[in-house]
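To start, the structure under review is shown below, and the notes come after it.
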Amino acid sequence: MDFFKKATAALVEEGAARAKKHFLELKPGIYRARTYCDTLGAGKDRIAVIEVDLKVTDDGRLFISVPVVSPQQPCYNNAYFPAAEATVLYTLLTQILSDARWNSGIAHQIQIEIPPKSRLNADASQSVGYATVGIATVFCAALYLALSRAYFVSGKREEVQAGASASSNSIGVAGTDYLGRPCGGTILSTSFTHPGGGRLNADGFPNYGVYNPWNYIPDCEGEEALLPILHLFNGFLPDSAAPGKFRSAYLGAHITMIHNSDNTHNIAKGVGGKMSGSQGLYGGYAGPRSWVICIKDTDAYERIKMGLPLPQEAKVFTDIENYINGTIIEHGANMPATHLKSGDILIQIASGAGGLGDPLERDPNLVRNDFLEGRLSLEMAQRVYGVCIDPHSGTVDKEKTEITRKEKISERLQKGVPAGKFLKELVTKRERGNLPEPALIFFKETMAFSPTFRTQVEREKELATKDLTPLAQVKVKKKIMELTPYVDIVEDEEGNRVSLCNKCGFAYGKADMDYKLYTLIYERNPEEIYPPHLAPHKEWAVYREFYCPKCGTQIEAEQCPPGMTIIQEIEVRV
C-alpha cells in the first residue's frame, strides 16, 4: 500500500511537472478572445458574451479568467462551474498537453476564475442540459483563440488555428418505430460534422469534431436502423467556409426524412441561429449562422412513386420549393418539440468555424480549386476574395484579379474610419441608445451584471477624448518580436518600442497600447460576406474590420454585437 501511494503521488507530480514544462514554452503575458452565444431555447434567443483572459506567468502557470460574461438564464444552456473546469482541461489536454500525464497534477498549474451566477458558473437552480455541447463549447472556442495568440507570439506557429465549430447542433428524434416499439436518440452524424478553423498555413480540417480526446461520426445506416429516419443528403454546403487567407472547412449540411412512423416528436438544439459562436483570427471572418427547417405534409412518397427527384443535393438549401412540396417552417438553430410523421423532412446546417488571415491574400489557385469542386460560387470568389474566374474555362483571370484586389484595398482605405473618430462615434451611439434592439438588451444586461464590462465602456469614453493619431513613420533600429502575422514590435532609433505593419512599415503607436486603436475601422453588414441564407442577422452582429491605414491590409476582423467595446487581445512585456 505504501508503494502504491508513493507511485500514484509520483505520477501526479509528473503530471504537474510536464504541464509546467509546456506552459513555460509560452511567452508570459495576457491573451484575450471573445465569442458569443445566442441560444436560450427555441424562440428565446439572446446575445451572450464570453471573454477569456489567458494569463501565462513566468513560473509556468496559467490563470484563466472570464472577466466579462453574461448572467445565467432560465434555459437549458447554462453551465455549472465543474463543466467550465472540464472544458478548460479537455481543451488544454488536446491542444497543448497531448504528451503529458493526464491526471489531476495538470490542475495544480492552472487557476480558473468565473463570476458566480453567470452562464458558465450557474447556481443549482438553473438548467444545464445543453452545456457540454452548447455554451461550454463556445467558451472552449474563445479559450483556444486566446491560446492560438499565445502560440503565435511564442513561436509555436504550427499550433495556431482560428476558432473551430462552437457547438454540436443536433436533432433529437423520439417516438415509435415501424414495429410500434418505443425509440429515441440524437442524430449524431449531423451533430459531429464540425468544420475546423483556418490554420496559419493551411485550410481548416473538415469533420473536425468537438474539442475532445475522442470523436466519431456514426454511419448513416446505423442511425437508420435505430430510428425511423432516412438520410436523404449529407454533404458540404457551398459558400459556407469562413473566408480568410486560409479558410475554415465547409459546413456540414443534412436532409433527413421521417420514415415508417407517424408518431415521432423531434427537437433541434444548436448555437448560431442569429450570430456565429466562432470567431476568425488575424483578419479572417467568423463562421456563418446555422438553422433548421421543418417541412410538414410533403409529397415525398408521391415523388418516389413517380420517379421525381427528392431533395438530395446542396442546391436544396437555397431553393427548397423546387425540390419538395409541403408546409415549410423556418427556425433558427433551435426547434421546439414538433410532431412529425412519415414523409416529413428536417433540414439542418451545422455550426460554423472561423477563417484566418486577410481573404485578399488567399492564393487564387486555392479559390479556383474550391470553385471547380462546387464549394464556392463565382460571385463569392470575386466579392470576398477578389478572385475573377472564367466560368467556362475555370481559369483565373490574373489581370482582372489584380485589378479587383487593388480596388478592394482602395475601398478599405476610403471606407475605413480612423480609430479615434470611430471611438467617438461608438461612444455616442451607446449613450444615445442608437443600437438595434438585440444589442440594447445585451448592453443593459451586461452592464448590470459585469463590473469589468462597465470599466471597458468607461475606458472607451475616456479614450474617445484622447489623441489617437498614429505615429505613421519611425526609423527602425531593430525588430523585437512578431505580435501577429501582420504586426511586429520594433525598437526605433530613440529606444521606443513601437507596433508597426510588417507589410508596409506603417507605425501604429507605442507597444504597450492596443495597435488596433491606430488603425482604420469599418463595420460591415455580414450579408456583404455571406449569402443571405448563411449571413448572421445584422441587428445581432456586425463584422468589425481593422485595416492598416497605409497598405489597407485587413489585420483583424471581429464578429460582435453593434456597439461592442474593443479589447486588446495581446499584452506582453517587450
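Ligands are numbered from 1 in the order shown, residues from 1 within each chain, and chains are lettered A, B, ... in the order they appear in the C-alpha cells.
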
#### Entry: Test item: residues at most 10 Å from Thr39 (chain A), only C-alpha atoms, excluding those fewer than 6 positions along its chain, as a ChimeraX atom specification
/A:45-48,75-78,130,134-135,269-275,277,332-334

Just N, CA and C atoms for this one: save the residues we selected as a short mmCIF file (atom, residue, chain, number, x, y, z; two decimals), in the first residue's frame.
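Result file follows (again13.cif):
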```cif
data_model
loop_
_atom_site.label_atom_id
_atom_site.label_comp_id
_atom_site.auth_asym_id
_atom_site.auth_seq_id
_atom_site.Cartn_x
_atom_site.Cartn_y
_atom_site.Cartn_z
N ASP A 45 -33.95 33.43 -28.32
CA ASP A 45 -32.54 33.78 -28.49
C ASP A 45 -32.21 35.12 -27.84
N ARG A 46 -30.99 35.22 -27.33
CA ARG A 46 -30.48 36.44 -26.73
C ARG A 46 -28.96 36.40 -26.81
N ILE A 47 -28.34 37.56 -26.99
CA ILE A 47 -26.88 37.61 -27.11
C ILE A 47 -26.23 37.39 -25.75
N ALA A 48 -25.28 36.48 -25.70
CA ALA A 48 -24.44 36.28 -24.52
C ALA A 48 -22.98 36.39 -24.95
N CYS A 75 -32.88 28.75 -18.86
CA CYS A 75 -32.84 27.98 -20.10
C CYS A 75 -31.96 26.75 -19.88
N TYR A 76 -31.86 25.90 -20.90
CA TYR A 76 -31.05 24.68 -20.77
C TYR A 76 -29.58 24.90 -21.13
N ASN A 77 -29.19 26.13 -21.47
CA ASN A 77 -27.85 26.36 -21.99
C ASN A 77 -27.00 27.19 -21.04
N ASN A 78 -27.00 26.83 -19.75
CA ASN A 78 -26.03 27.33 -18.77
C ASN A 78 -25.03 26.22 -18.50
N TYR A 130 -27.72 21.48 -21.92
CA TYR A 130 -27.03 21.60 -23.21
C TYR A 130 -25.60 22.11 -23.06
N GLY A 134 -22.94 23.09 -25.90
CA GLY A 134 -23.51 24.40 -26.18
C GLY A 134 -22.61 25.49 -25.65
N ILE A 135 -23.03 26.14 -24.55
CA ILE A 135 -22.31 27.29 -24.02
C ILE A 135 -20.87 26.96 -23.65
N LYS A 269 -31.47 21.35 -31.31
CA LYS A 269 -30.72 22.18 -30.37
C LYS A 269 -29.47 22.68 -31.08
N GLY A 270 -29.12 23.94 -30.86
CA GLY A 270 -27.94 24.45 -31.52
C GLY A 270 -27.62 25.88 -31.14
N VAL A 271 -26.45 26.31 -31.57
CA VAL A 271 -25.96 27.66 -31.38
C VAL A 271 -25.72 28.28 -32.75
N GLY A 272 -26.00 29.56 -32.90
CA GLY A 272 -25.62 30.25 -34.13
C GLY A 272 -26.76 30.56 -35.06
N GLY A 273 -27.99 30.54 -34.58
CA GLY A 273 -29.11 30.86 -35.44
C GLY A 273 -29.18 32.32 -35.84
N LYS A 274 -28.64 33.20 -34.99
CA LYS A 274 -28.62 34.64 -35.28
C LYS A 274 -27.21 35.15 -35.55
N MET A 275 -26.24 34.64 -34.80
CA MET A 275 -24.83 35.01 -35.00
C MET A 275 -23.96 33.82 -34.65
N GLY A 277 -21.12 31.30 -33.25
CA GLY A 277 -20.41 31.12 -31.98
C GLY A 277 -18.91 31.10 -32.16
N GLY A 332 -34.52 29.05 -36.18
CA GLY A 332 -33.12 29.39 -36.01
C GLY A 332 -32.33 28.11 -35.81
N ALA A 333 -31.40 28.13 -34.87
CA ALA A 333 -30.64 26.91 -34.60
C ALA A 333 -31.42 25.94 -33.72
N ASN A 334 -32.56 26.39 -33.17
CA ASN A 334 -33.36 25.56 -32.27
C ASN A 334 -34.77 25.38 -32.78
#
```

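Between CA of Gly244 (chain A) and CA of Gly283 (chain A) lies a distance of 7.0 Å.
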
### Task
Run DSSP on the backbone of this structure and report the residues of region 72-170 of chain A it assigns to helix (DSSP H, G or I), as a PyMOL selection string.
chain A and resi 81-95+104-109+131-133+135-153+157-159

Tell me, counting only C-alpha atoms, for each residue of region 114-220 of chain A within 12 Å of region 234-239 of chain A, which pair of atoms is nearest and how far apart they are in Å to one decimal, in rows ordered by chain and increasing number, as a Markdown table.
```
| residue | atom | partner | partner_atom | distance |
| --- | --- | --- | --- | --- |
| A:Ile187 | CA | A:Asn234 | CA | 11.9 |
| A:Leu188 | CA | A:Asn234 | CA | 11.9 |
| A:Ser189 | CA | A:Asn234 | CA | 8.5 |
| A:Thr190 | CA | A:Asn234 | CA | 8.0 |
| A:Ser191 | CA | A:Asn234 | CA | 11.5 |
| A:Phe192 | CA | A:Asn234 | CA | 11.9 |
| A:Thr193 | CA | A:Gly235 | CA | 9.3 |
| A:His194 | CA | A:Phe236 | CA | 10.7 |
| A:Pro195 | CA | A:Phe236 | CA | 9.7 |
| A:Pro206 | CA | A:Phe236 | CA | 9.2 |
| A:Asn207 | CA | A:Phe236 | CA | 10.0 |
| A:Ile217 | CA | A:Asn234 | CA | 11.9 |
| A:Asp219 | CA | A:Asn234 | CA | 11.0 |
| A:Cys220 | CA | A:Asn234 | CA | 9.0 |
```

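Residues in contact range of Val490 (chain A), defined as at most 9 Å between only C-alpha atoms, with sequence neighbours fewer than 5 positions away removed, read A:Val476, A:Lys477, A:Lys478, A:Lys479, A:Ile480, A:Met481, A:Glu482, A:Asn496, A:Arg497, A:Val498, A:Ser499, A:Leu500, A:Ala511.
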
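Using only C-alpha atoms, the protein and nucleic acid residues lying no more than 9 Å from Met564 (chain A), apart from those fewer than 6 places from it along its own chain, are Leu426, Arg430, Ala439, Phe443 and Val457 of chain A.
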
Residues from last step as file, N, CA and C atoms, as a PDB file, in the first residue's frame:
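Below is the file result_4.pdb, written as the result:
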```
ATOM      1  N   LEU A 426     -18.728  55.556 -31.726  1.00  0.00           N
ATOM      2  CA  LEU A 426     -19.190  54.375 -30.995  1.00  0.00           C
ATOM      3  C   LEU A 426     -19.752  54.773 -29.637  1.00  0.00           C
ATOM      4  N   ARG A 430     -23.747  54.462 -28.215  1.00  0.00           N
ATOM      5  CA  ARG A 430     -24.115  53.772 -26.982  1.00  0.00           C
ATOM      6  C   ARG A 430     -24.880  54.697 -26.041  1.00  0.00           C
ATOM      7  N   ALA A 439     -29.037  44.339 -29.466  1.00  0.00           N
ATOM      8  CA  ALA A 439     -27.825  44.908 -28.874  1.00  0.00           C
ATOM      9  C   ALA A 439     -28.151  45.727 -27.628  1.00  0.00           C
ATOM     10  N   PHE A 443     -26.578  45.079 -23.969  1.00  0.00           N
ATOM     11  CA  PHE A 443     -25.826  46.075 -23.218  1.00  0.00           C
ATOM     12  C   PHE A 443     -26.434  46.303 -21.838  1.00  0.00           C
ATOM     13  N   VAL A 457     -16.460  50.047 -20.916  1.00  0.00           N
ATOM     14  CA  VAL A 457     -17.278  51.105 -21.516  1.00  0.00           C
ATOM     15  C   VAL A 457     -16.787  52.481 -21.063  1.00  0.00           C
TER      16      VAL A 457
END
```

Just want the 9 Å neighbourhood of Ile110 (chain A), counted on only C-alpha atoms, with same-chain residues fewer than 2 positions away dropped. Output as a PDB file with N, CA and C atoms, in the first residue's frame.
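selection_34.pdb, written as the output of this step:
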```
ATOM      1  N   ARG A  61       2.657  28.852 -14.974  1.00  0.00           N
ATOM      2  CA  ARG A  61       1.279  28.626 -14.558  1.00  0.00           C
ATOM      3  C   ARG A  61       0.331  29.350 -15.500  1.00  0.00           C
ATOM      4  N   LEU A  62      -0.893  28.862 -15.565  1.00  0.00           N
ATOM      5  CA  LEU A  62      -1.929  29.500 -16.356  1.00  0.00           C
ATOM      6  C   LEU A  62      -3.033  30.001 -15.431  1.00  0.00           C
ATOM      7  N   PHE A  63      -3.392  31.273 -15.581  1.00  0.00           N
ATOM      8  CA  PHE A  63      -4.548  31.833 -14.896  1.00  0.00           C
ATOM      9  C   PHE A  63      -5.597  32.122 -15.969  1.00  0.00           C
ATOM     10  N   ILE A  64      -6.692  31.407 -15.919  1.00  0.00           N
ATOM     11  CA  ILE A  64      -7.750  31.542 -16.922  1.00  0.00           C
ATOM     12  C   ILE A  64      -8.962  32.162 -16.248  1.00  0.00           C
ATOM     13  N   ILE A 106      -2.070  18.133 -13.545  1.00  0.00           N
ATOM     14  CA  ILE A 106      -2.180  19.240 -14.504  1.00  0.00           C
ATOM     15  C   ILE A 106      -2.897  20.419 -13.864  1.00  0.00           C
ATOM     16  N   ALA A 107      -3.944  20.129 -13.095  1.00  0.00           N
ATOM     17  CA  ALA A 107      -4.754  21.187 -12.492  1.00  0.00           C
ATOM     18  C   ALA A 107      -3.966  21.999 -11.475  1.00  0.00           C
ATOM     19  N   HIS A 108      -2.869  21.435 -10.954  1.00  0.00           N
ATOM     20  CA  HIS A 108      -2.064  22.179  -9.984  1.00  0.00           C
ATOM     21  C   HIS A 108      -1.419  23.411 -10.617  1.00  0.00           C
ATOM     22  N   ILE A 112      -8.620  28.902 -12.314  1.00  0.00           N
ATOM     23  CA  ILE A 112      -9.760  29.318 -13.127  1.00  0.00           C
ATOM     24  C   ILE A 112     -10.669  30.207 -12.291  1.00  0.00           C
TER      25      ILE A 112
END
```

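Residue nearest Tyr486 (chain A) within the list A:Ala122, A:Val153, A:Ala448, A:Ile566: A:Val153 [criterion: smallest interatomic distance, only C-alpha atoms].
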
### Message
Just list as an MDAnalysis selection string whatever in region 102-274 of chain A DSSP marks as strand (DSSP E).
### Response
chainID A and resid 110:113 170:176 182:186 229:236 252:258 264:269

### Task
May I have the residues within 12 Å of region 6-15 of chain A as an MDAnalysis selection string, using only C-alpha atoms and disregarding those fewer than 6 positions away in the same chain?
chainID A and resid 21:22 93 97:109

Just to be explicit: take each residue in the selection above, keep C-alpha atoms, and write the result as a PDB file, in the first residue's frame.
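Contents of part04.pdb, freshly written:
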```pdb
ATOM      1  CA  LYS A  21       7.227  22.419 -18.911  1.00  0.00           C
ATOM      2  CA  HIS A  22       4.705  23.071 -21.703  1.00  0.00           C
ATOM      3  CA  LEU A  93      -5.240  18.252 -22.905  1.00  0.00           C
ATOM      4  CA  LEU A  97      -0.732  18.658 -23.220  1.00  0.00           C
ATOM      5  CA  SER A  98      -1.188  15.687 -25.544  1.00  0.00           C
ATOM      6  CA  ASP A  99       2.059  14.062 -24.331  1.00  0.00           C
ATOM      7  CA  ALA A 100       1.640  14.943 -20.650  1.00  0.00           C
ATOM      8  CA  ARG A 101       0.399  12.722 -17.850  1.00  0.00           C
ATOM      9  CA  TRP A 102      -3.379  13.074 -17.984  1.00  0.00           C
ATOM     10  CA  ASN A 103      -4.082  13.301 -14.284  1.00  0.00           C
ATOM     11  CA  SER A 104      -5.019  15.857 -11.636  1.00  0.00           C
ATOM     12  CA  GLY A 105      -1.430  17.127 -11.438  1.00  0.00           C
ATOM     13  CA  ILE A 106      -2.180  19.240 -14.504  1.00  0.00           C
ATOM     14  CA  ALA A 107      -4.754  21.187 -12.492  1.00  0.00           C
ATOM     15  CA  HIS A 108      -2.064  22.179  -9.984  1.00  0.00           C
ATOM     16  CA  GLN A 109      -0.638  24.517 -12.646  1.00  0.00           C
TER      17      GLN A 109
END
```

### Query
With only C-alpha atoms as the basis for distance, which of A:Val572, A:His231, A:Ala33, A:Leu517 is at the shortest distance from Leu310 (chain A)?
A:His231
